[in-house]
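Chemist: Just dropping this structure here.
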Amino acid sequence: MRTNNVLLLTAAINGLLAVSSIQPATAATAKEKDEKIELLERRLLLLEQRLEAAERSVKAPAPAPDDKLQALDQKVKILERKNEVDKEIAIENAKTAPVFEAGPKGVSFSSADGNNSVRLRSSIQADGRFFVDNESKVKDRFELKQARIWLEGRFWKYFDYKLMPDFGSNQTILADAYVDVHYFPYASLNIGKQKTPISLERLQGDSDGTFMERAYPTYLASNRDVGVKLHGSFARPGDKVQYAGPIDFKNFFTYEVGVFNGGGDNGASDSDKENEDNKEVAARLWAHPFQNSGNKVLDGLGVGVAGSWEVPNNNKTSVKNLKSALGQNTLVDYTKVGTGATEVAADGEHYRIYPQAYWYYGPYGLLGEYVLSSQQLTGDGGNTHIQQDNTAWQIQASYVVTGENNTFQSVKPRSAFDPFNGHWGALQLAARWTELSIDEDTFKPVNGVQLLNPSNSIREASSWALGANWFLNQNTRLMADYENTHFTGGARNGGDRPAENVFSTRLQLVF
Amino acid sequence: MKTKIGLKTGLLAASLLISGAAFADRTLLNVSYDPTRELYQQFNQEFVKYWKEKTGETVTIQQSHGGAGKQARAVIDGLDADVLTLAISYDIDKIAANAKLLPTDWQKRLPNNSVPYTSTMVFLVRKGNPKGIKNWDDLVKEGVSVVTPNPKTSGGARYNYLAAWAFAEKTYGSKEAAKDFVKKLYKNVPVLDSGARGSTTTFLQRGIGDVLLTWENEAYLAIKELGKGEVEIIVPPFSILAETPVAVVDTVVDKHGTRDLAEAYLNYLYSPAGQKLAAKNFYRPTDTKVVDAVDLANFPQLERVTVDQAFGGWANVQKDHFDDKAIFDQIYAP
């Protein structure tokens, strides 16, 4: 660039000098000569200035395109690497960051490894109960059957817990409060207030049942009770066992055996203290004999047997009234004693035997159980005893019309109710037959003592029920049940109590 | 008679079971810092061979590598390390103090304060050293891009930081000047990786920066892998003595039944074979007499200050420089 400018300037000067050397020879005046020289000098000055400017531009060149490219390349590389490092850090942090979840199973926080967690859950059951014949002493009513909010979770990988109060049915009770220590799936220890392992339907989740109210066998079992339970699960040979909680209906074979305070038949759900030293021992064996056997029809068959034994000592609090299933009318009233009796108390051996089974296959479901509850009662402070052998049984069948799988853990609709997009949830229809039989000896005078007044307590109850469950989504269910119950005894002068016809509805929300 | 036979049979079976258990293959987990992968891959092979010849037992050595600080945290949180071969003693002190997996005087149990080999921090520059980097003060010049990991997570990065600080304090005469110096240095750091190996990737694979501050062994390894001429090692006249300690984790080895194996493993690092392997992998051996002269020639003489001399120990370093809101947090803004 500089060479070109110098050559240009030299040529220009030479040209001008050449012109000036020719001009005088052509009779130009002295004045004209001076003007021309002045003009040439100005043009020379101009050219010198241009040359200097050109040289300056050569001395301070603009950034070369290569340098700019390199700087830009570094910036891009740094940004890319920062992005990589940020991702690495994010992945590392995610390994230890706590996990927050909000979904159909409530709200939970857990450590990244899942060894520590807290889950907040809740359930509401709002019922309407209407007696069709209107002859019942119990009034038609709306009722908040269940209003629970509870915490469950895990600490240190092997310690599960549940803390569940219930504010429904016009009372506040602590339904569950336990810790389950499960280092070994085949031998875990549950300590605290929990469901006694006896009745199949009692052990079913409170919001998983097919009918709004449980059938008669449940009322001859203990309710929730405080105690210690050893339980374990085993997989089919060749399969891997997985811990499934203190009430396990998932593994091939399970056992439960525990010692509890003992609340008597239909024990109060709010009993968490004991009135005597004697304790109740309860045990239960359960198996899915065809689980993972390849036999799809029988894969969901579960069979088991449970039993309990205790020897209460003149215990008045463990003798509880019995009610009808859906109507919740009092059927057996231990406060209305017969001739010669003062107060009914459990005094002597009390044992129960509970064979039980269920079968689920596709949309079909069957559940049944039988109970014999044999207890020694006294009506006069222990002078006279009666061995009361009460029995109850039930069989229920259900069918999911919309085709979803029927399970012991309720029904999960394929799609949630959304009429704008043609989704209607799931519909289940069900039928049940259940009977309760109170030992005849209860009403016969022994040594002048008649334990119960036959005008106030029934001797037998037979109920059939139909039910429909509309699962709007995994959390919400609309239920409608109708139940007809025929009684033997329980009316004035030993007559039969009129049949009870109840229609009941429920909106249930559980998360 | 039948009972006696049964008893004998039972005892025989029990003794077979016990002896079987005693000679069952055992596994040792060595939790180490980032750039020791290559050293321990070779060392483990040698040790397994040595142990088999000595005892007849076939053992498996597993390795875990990462930023030294992260590795220490993992052990505190439950990673079952039989042995630790970490970058700085402070990380093992933390494991001893917080998780109580080994005694607090662990450093007295092996020779040379449980440091079988040492290292130092050097510069790796691009071919021809285009920025003319020779010493620490070249790193703070405008336009020099420096690659070093995050001293919050990397032991090597801590040594880099402390070497720069010690140089500045010695050169400019005050802690304030040193603080200002490292602030300028980290202004020239475009990206902070979590470990030394990550920074090597940033410099070599991603082509970022003019100089990589790194372990001497890591620098030699880079040259070995890339070939001479692509990058050059610059050994500054002043740096830091990187003392990389080792320790048996008592609680874990007692639980695993591996104490004898773990102790033999670490002692083997001090053996001539272990020292030679360390030197071949560019770690400075503590017993130079047993190492080949060719390998020793890789380690030029330089002034190396120790953490104890310049900073009064790792506990002070942690408190003054690397705790939350301490000096590093004050001077570094990403």
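Residues are referred to by chain and number: the chain letter is A, B, ... according to the order shown in the structure tokens, the number counts from 1 in that chain, and ligands are numbered separately from 1 in the order shown.
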Give me the residues within 12 Å of Val297 in chain A as a ChimeraX atom specification, counting only C-alpha atoms and dropping any in the same chain fewer than 3 places off.

Modeler: /A:290-294,300-301,359-365

Chemist: Please, could you write that set of residues out with C-alpha atoms as a PDB file, in the first residue's frame?

Modeler:
```
ATOM      1  CA  PHE A 290     -51.126 -68.590  41.906  1.00  0.00           C
ATOM      2  CA  GLN A 291     -49.282 -65.282  41.795  1.00  0.00           C
ATOM      3  CA  ASN A 292     -46.904 -65.160  38.803  1.00  0.00           C
ATOM      4  CA  SER A 293     -47.668 -68.818  38.077  1.00  0.00           C
ATOM      5  CA  GLY A 294     -48.741 -68.099  34.524  1.00  0.00           C
ATOM      6  CA  GLY A 300     -55.467 -62.608  41.627  1.00  0.00           C
ATOM      7  CA  LEU A 301     -56.773 -65.235  44.013  1.00  0.00           C
ATOM      8  CA  TRP A 359     -60.428 -63.161  43.707  1.00  0.00           C
ATOM      9  CA  TYR A 360     -59.835 -60.453  41.154  1.00  0.00           C
ATOM     10  CA  TYR A 361     -59.548 -61.032  37.441  1.00  0.00           C
ATOM     11  CA  GLY A 362     -59.802 -58.194  34.968  1.00  0.00           C
ATOM     12  CA  PRO A 363     -63.013 -56.283  35.718  1.00  0.00           C
ATOM     13  CA  TYR A 364     -64.384 -59.048  37.986  1.00  0.00           C
ATOM     14  CA  GLY A 365     -64.039 -59.212  41.731  1.00  0.00           C
TER      15      GLY A 365
END
```

Chemist: Could you list, as a compact mmCIF listing (two decimals) with C-alpha atoms, in the first residue's frame, every residue of chain B that has an atom within 8 Å of an atom of chain A, counting only C-alpha atoms?

Modeler:
```
# COMPACT_ATOMS: atom_id res chain seq x y z
CA PRO B 190 -13.50 -17.71 32.29
CA VAL B 191 -14.94 -20.96 33.68
CA LEU B 192 -14.59 -22.94 36.93
CA ASP B 193 -14.75 -26.72 36.61
CA SER B 194 -15.49 -28.83 39.67
CA THR B 202 -11.64 -27.33 29.24
CA ARG B 206 -12.38 -27.45 24.36
CA GLY B 207 -9.42 -25.23 23.48
CA ILE B 208 -10.24 -22.58 26.08
CA GLY B 209 -7.64 -20.34 27.73
```

Chemist: List as JSON lines every residue of range 207-228 of chain A that is in contact with range 501-506 of chain A, defined as an atom at most 12 Å from one of its atoms (using only C-alpha atoms), together with the nearest atom pair and the distance in Å rounded to one decimal, sorted by chain and then rising number.

Modeler:
```
{"residue": "A:Ser207", "atom": "CA", "partner": "A:Arg506", "partner_atom": "CA", "distance": 11.1}
{"residue": "A:Thr210", "atom": "CA", "partner": "A:Arg506", "partner_atom": "CA", "distance": 11.9}
{"residue": "A:Phe211", "atom": "CA", "partner": "A:Arg506", "partner_atom": "CA", "distance": 10.0}
{"residue": "A:Met212", "atom": "CA", "partner": "A:Arg506", "partner_atom": "CA", "distance": 7.4}
{"residue": "A:Glu213", "atom": "CA", "partner": "A:Ser504", "partner_atom": "CA", "distance": 9.9}
```

Chemist: Select, from B:Thr55, B:Gln45, B:Gln71, B:Gln62, the residue with the minimum atom-to-atom distance to Ile95 in chain B, counting only C-alpha atoms.

Modeler: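 Counting only C-alpha atoms, the residue closest to Ile95 in chain B is B:Gln71.
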
Chemist: Please provide as a PyMOL selection string all residues within 10 Å of Leu124 in chain B, with the sequence filter that same-chain residues fewer than 6 positions apart are discarded (counting only C-alpha atoms).

Modeler: chain B and resi 133+147+200+203-204+210-216+218-220+222-223+231-235

Chemist: Selection from above, C-alpha atoms, as a PDB file, in the first residue's frame, can you write it?

Modeler:
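Written file, out-v2.pdb:
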```pdb
ATOM      1  CA  ILE B 133       3.857 -16.884  30.649  1.00  0.00           C
ATOM      2  CA  VAL B 147      -8.051 -22.183  33.420  1.00  0.00           C
ATOM      3  CA  THR B 200      -7.869 -30.321  31.681  1.00  0.00           C
ATOM      4  CA  PHE B 203      -8.078 -26.432  28.260  1.00  0.00           C
ATOM      5  CA  LEU B 204      -7.148 -29.297  25.973  1.00  0.00           C
ATOM      6  CA  ASP B 210      -3.963 -19.507  27.428  1.00  0.00           C
ATOM      7  CA  VAL B 211      -2.734 -21.357  30.498  1.00  0.00           C
ATOM      8  CA  LEU B 212      -3.905 -24.256  32.632  1.00  0.00           C
ATOM      9  CA  LEU B 213      -2.912 -24.265  36.299  1.00  0.00           C
ATOM     10  CA  THR B 214      -2.636 -27.897  37.202  1.00  0.00           C
ATOM     11  CA  TRP B 215      -0.927 -30.707  39.020  1.00  0.00           C
ATOM     12  CA  GLU B 216       2.546 -31.450  37.731  1.00  0.00           C
ATOM     13  CA  GLU B 218      -1.586 -33.912  35.152  1.00  0.00           C
ATOM     14  CA  ALA B 219       0.517 -31.607  32.983  1.00  0.00           C
ATOM     15  CA  TYR B 220       2.946 -34.387  32.090  1.00  0.00           C
ATOM     16  CA  ALA B 222      -1.405 -34.161  28.955  1.00  0.00           C
ATOM     17  CA  ILE B 223       1.854 -33.947  27.084  1.00  0.00           C
ATOM     18  CA  VAL B 231       1.385 -27.825  24.753  1.00  0.00           C
ATOM     19  CA  GLU B 232       4.331 -26.947  26.957  1.00  0.00           C
ATOM     20  CA  ILE B 233       4.954 -27.202  30.682  1.00  0.00           C
ATOM     21  CA  ILE B 234       6.158 -24.089  32.416  1.00  0.00           C
ATOM     22  CA  VAL B 235       7.504 -24.725  35.891  1.00  0.00           C
TER      23      VAL B 235
END
```

Chemist: I'd like to know which residues of range 21-130 of chain A are strand (DSSP E or B) (by DSSP, run on the backbone); could you write them as a PDB file with N, CA and C atoms, in the first residue's frame?

Modeler:
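Dumped everything to states.pdb:
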```
ATOM      1  N   VAL A  99     -36.569 -33.908  46.788  1.00  0.00           N
ATOM      2  CA  VAL A  99     -37.562 -34.022  45.711  1.00  0.00           C
ATOM      3  C   VAL A  99     -38.927 -33.600  46.240  1.00  0.00           C
ATOM      4  N   PHE A 100     -39.567 -32.688  45.553  1.00  0.00           N
ATOM      5  CA  PHE A 100     -40.918 -32.257  45.920  1.00  0.00           C
ATOM      6  C   PHE A 100     -41.887 -32.813  44.888  1.00  0.00           C
ATOM      7  N   GLU A 101     -42.953 -33.397  45.377  1.00  0.00           N
ATOM      8  CA  GLU A 101     -43.950 -33.946  44.449  1.00  0.00           C
ATOM      9  C   GLU A 101     -45.338 -33.543  44.899  1.00  0.00           C
ATOM     10  N   ALA A 102     -46.152 -33.191  43.944  1.00  0.00           N
ATOM     11  CA  ALA A 102     -47.566 -32.934  44.229  1.00  0.00           C
ATOM     12  C   ALA A 102     -48.348 -33.679  43.168  1.00  0.00           C
ATOM     13  N   GLY A 103     -49.210 -34.590  43.597  1.00  0.00           N
ATOM     14  CA  GLY A 103     -49.932 -35.398  42.621  1.00  0.00           C
ATOM     15  C   GLY A 103     -51.088 -36.117  43.268  1.00  0.00           C
ATOM     16  N   GLY A 106     -51.077 -36.971  46.999  1.00  0.00           N
ATOM     17  CA  GLY A 106     -50.819 -35.915  47.966  1.00  0.00           C
ATOM     18  C   GLY A 106     -49.552 -35.149  47.663  1.00  0.00           C
ATOM     19  N   VAL A 107     -49.082 -34.489  48.699  1.00  0.00           N
ATOM     20  CA  VAL A 107     -47.905 -33.640  48.572  1.00  0.00           C
ATOM     21  C   VAL A 107     -46.782 -34.286  49.369  1.00  0.00           C
ATOM     22  N   SER A 108     -45.608 -34.377  48.775  1.00  0.00           N
ATOM     23  CA  SER A 108     -44.529 -35.041  49.510  1.00  0.00           C
ATOM     24  C   SER A 108     -43.191 -34.362  49.283  1.00  0.00           C
ATOM     25  N   PHE A 109     -42.353 -34.502  50.289  1.00  0.00           N
ATOM     26  CA  PHE A 109     -40.951 -34.120  50.197  1.00  0.00           C
ATOM     27  C   PHE A 109     -40.144 -35.373  50.496  1.00  0.00           C
ATOM     28  N   SER A 110     -39.102 -35.578  49.712  1.00  0.00           N
ATOM     29  CA  SER A 110     -38.239 -36.712  50.046  1.00  0.00           C
ATOM     30  C   SER A 110     -36.801 -36.385  49.694  1.00  0.00           C
ATOM     31  N   SER A 117     -38.626 -39.317  53.855  1.00  0.00           N
ATOM     32  CA  SER A 117     -39.726 -38.658  53.157  1.00  0.00           C
ATOM     33  C   SER A 117     -40.850 -38.283  54.124  1.00  0.00           C
ATOM     34  N   VAL A 118     -41.603 -37.292  53.712  1.00  0.00           N
ATOM     35  CA  VAL A 118     -42.809 -36.889  54.438  1.00  0.00           C
ATOM     36  C   VAL A 118     -43.889 -36.672  53.386  1.00  0.00           C
ATOM     37  N   ARG A 119     -45.019 -37.331  53.567  1.00  0.00           N
ATOM     38  CA  ARG A 119     -46.126 -37.154  52.627  1.00  0.00           C
ATOM     39  C   ARG A 119     -47.359 -36.693  53.400  1.00  0.00           C
ATOM     40  N   LEU A 120     -48.001 -35.669  52.877  1.00  0.00           N
ATOM     41  CA  LEU A 120     -49.223 -35.144  53.477  1.00  0.00           C
ATOM     42  C   LEU A 120     -50.405 -35.647  52.660  1.00  0.00           C
ATOM     43  N   ARG A 121     -51.350 -36.313  53.329  1.00  0.00           N
ATOM     44  CA  ARG A 121     -52.498 -36.866  52.613  1.00  0.00           C
ATOM     45  C   ARG A 121     -53.790 -36.474  53.326  1.00  0.00           C
ATOM     46  N   SER A 122     -54.895 -36.706  52.649  1.00  0.00           N
ATOM     47  CA  SER A 122     -56.170 -36.291  53.222  1.00  0.00           C
ATOM     48  C   SER A 122     -57.316 -37.105  52.632  1.00  0.00           C
ATOM     49  N   SER A 123     -58.412 -37.222  53.374  1.00  0.00           N
ATOM     50  CA  SER A 123     -59.607 -37.876  52.818  1.00  0.00           C
ATOM     51  C   SER A 123     -60.861 -37.274  53.427  1.00  0.00           C
ATOM     52  N   ILE A 124     -61.872 -37.178  52.583  1.00  0.00           N
ATOM     53  CA  ILE A 124     -63.186 -36.677  53.027  1.00  0.00           C
ATOM     54  C   ILE A 124     -64.247 -37.627  52.488  1.00  0.00           C
ATOM     55  N   GLN A 125     -65.162 -38.042  53.378  1.00  0.00           N
ATOM     56  CA  GLN A 125     -66.311 -38.838  52.950  1.00  0.00           C
ATOM     57  C   GLN A 125     -67.573 -38.135  53.444  1.00  0.00           C
ATOM     58  N   ALA A 126     -68.318 -37.600  52.502  1.00  0.00           N
ATOM     59  CA  ALA A 126     -69.563 -36.888  52.841  1.00  0.00           C
ATOM     60  C   ALA A 126     -70.742 -37.754  52.403  1.00  0.00           C
ATOM     61  N   ASP A 127     -71.544 -38.179  53.381  1.00  0.00           N
ATOM     62  CA  ASP A 127     -72.597 -39.165  53.117  1.00  0.00           C
ATOM     63  C   ASP A 127     -73.995 -38.546  53.209  1.00  0.00           C
ATOM     64  N   GLY A 128     -74.931 -39.160  52.493  1.00  0.00           N
ATOM     65  CA  GLY A 128     -76.355 -38.931  52.694  1.00  0.00           C
ATOM     66  C   GLY A 128     -76.991 -40.279  52.957  1.00  0.00           C
ATOM     67  N   ARG A 129     -77.821 -40.390  54.031  1.00  0.00           N
ATOM     68  CA  ARG A 129     -78.369 -41.698  54.404  1.00  0.00           C
ATOM     69  C   ARG A 129     -79.881 -41.553  54.548  1.00  0.00           C
ATOM     70  N   PHE A 130     -80.630 -42.330  53.751  1.00  0.00           N
ATOM     71  CA  PHE A 130     -82.078 -42.149  53.715  1.00  0.00           C
ATOM     72  C   PHE A 130     -82.763 -43.497  53.900  1.00  0.00           C
TER      73      PHE A 130
END
```

Chemist: Would you return as a PyMOL selection string the members of range 18-205 of chain B that DSSP assigns to helix (DSSP H, G or I) on this structure's backbone?

Modeler: chain B and resi 18-22+34-55+68-76+89-99+106-108+111-114+136-140+155-172+175-187+196-205
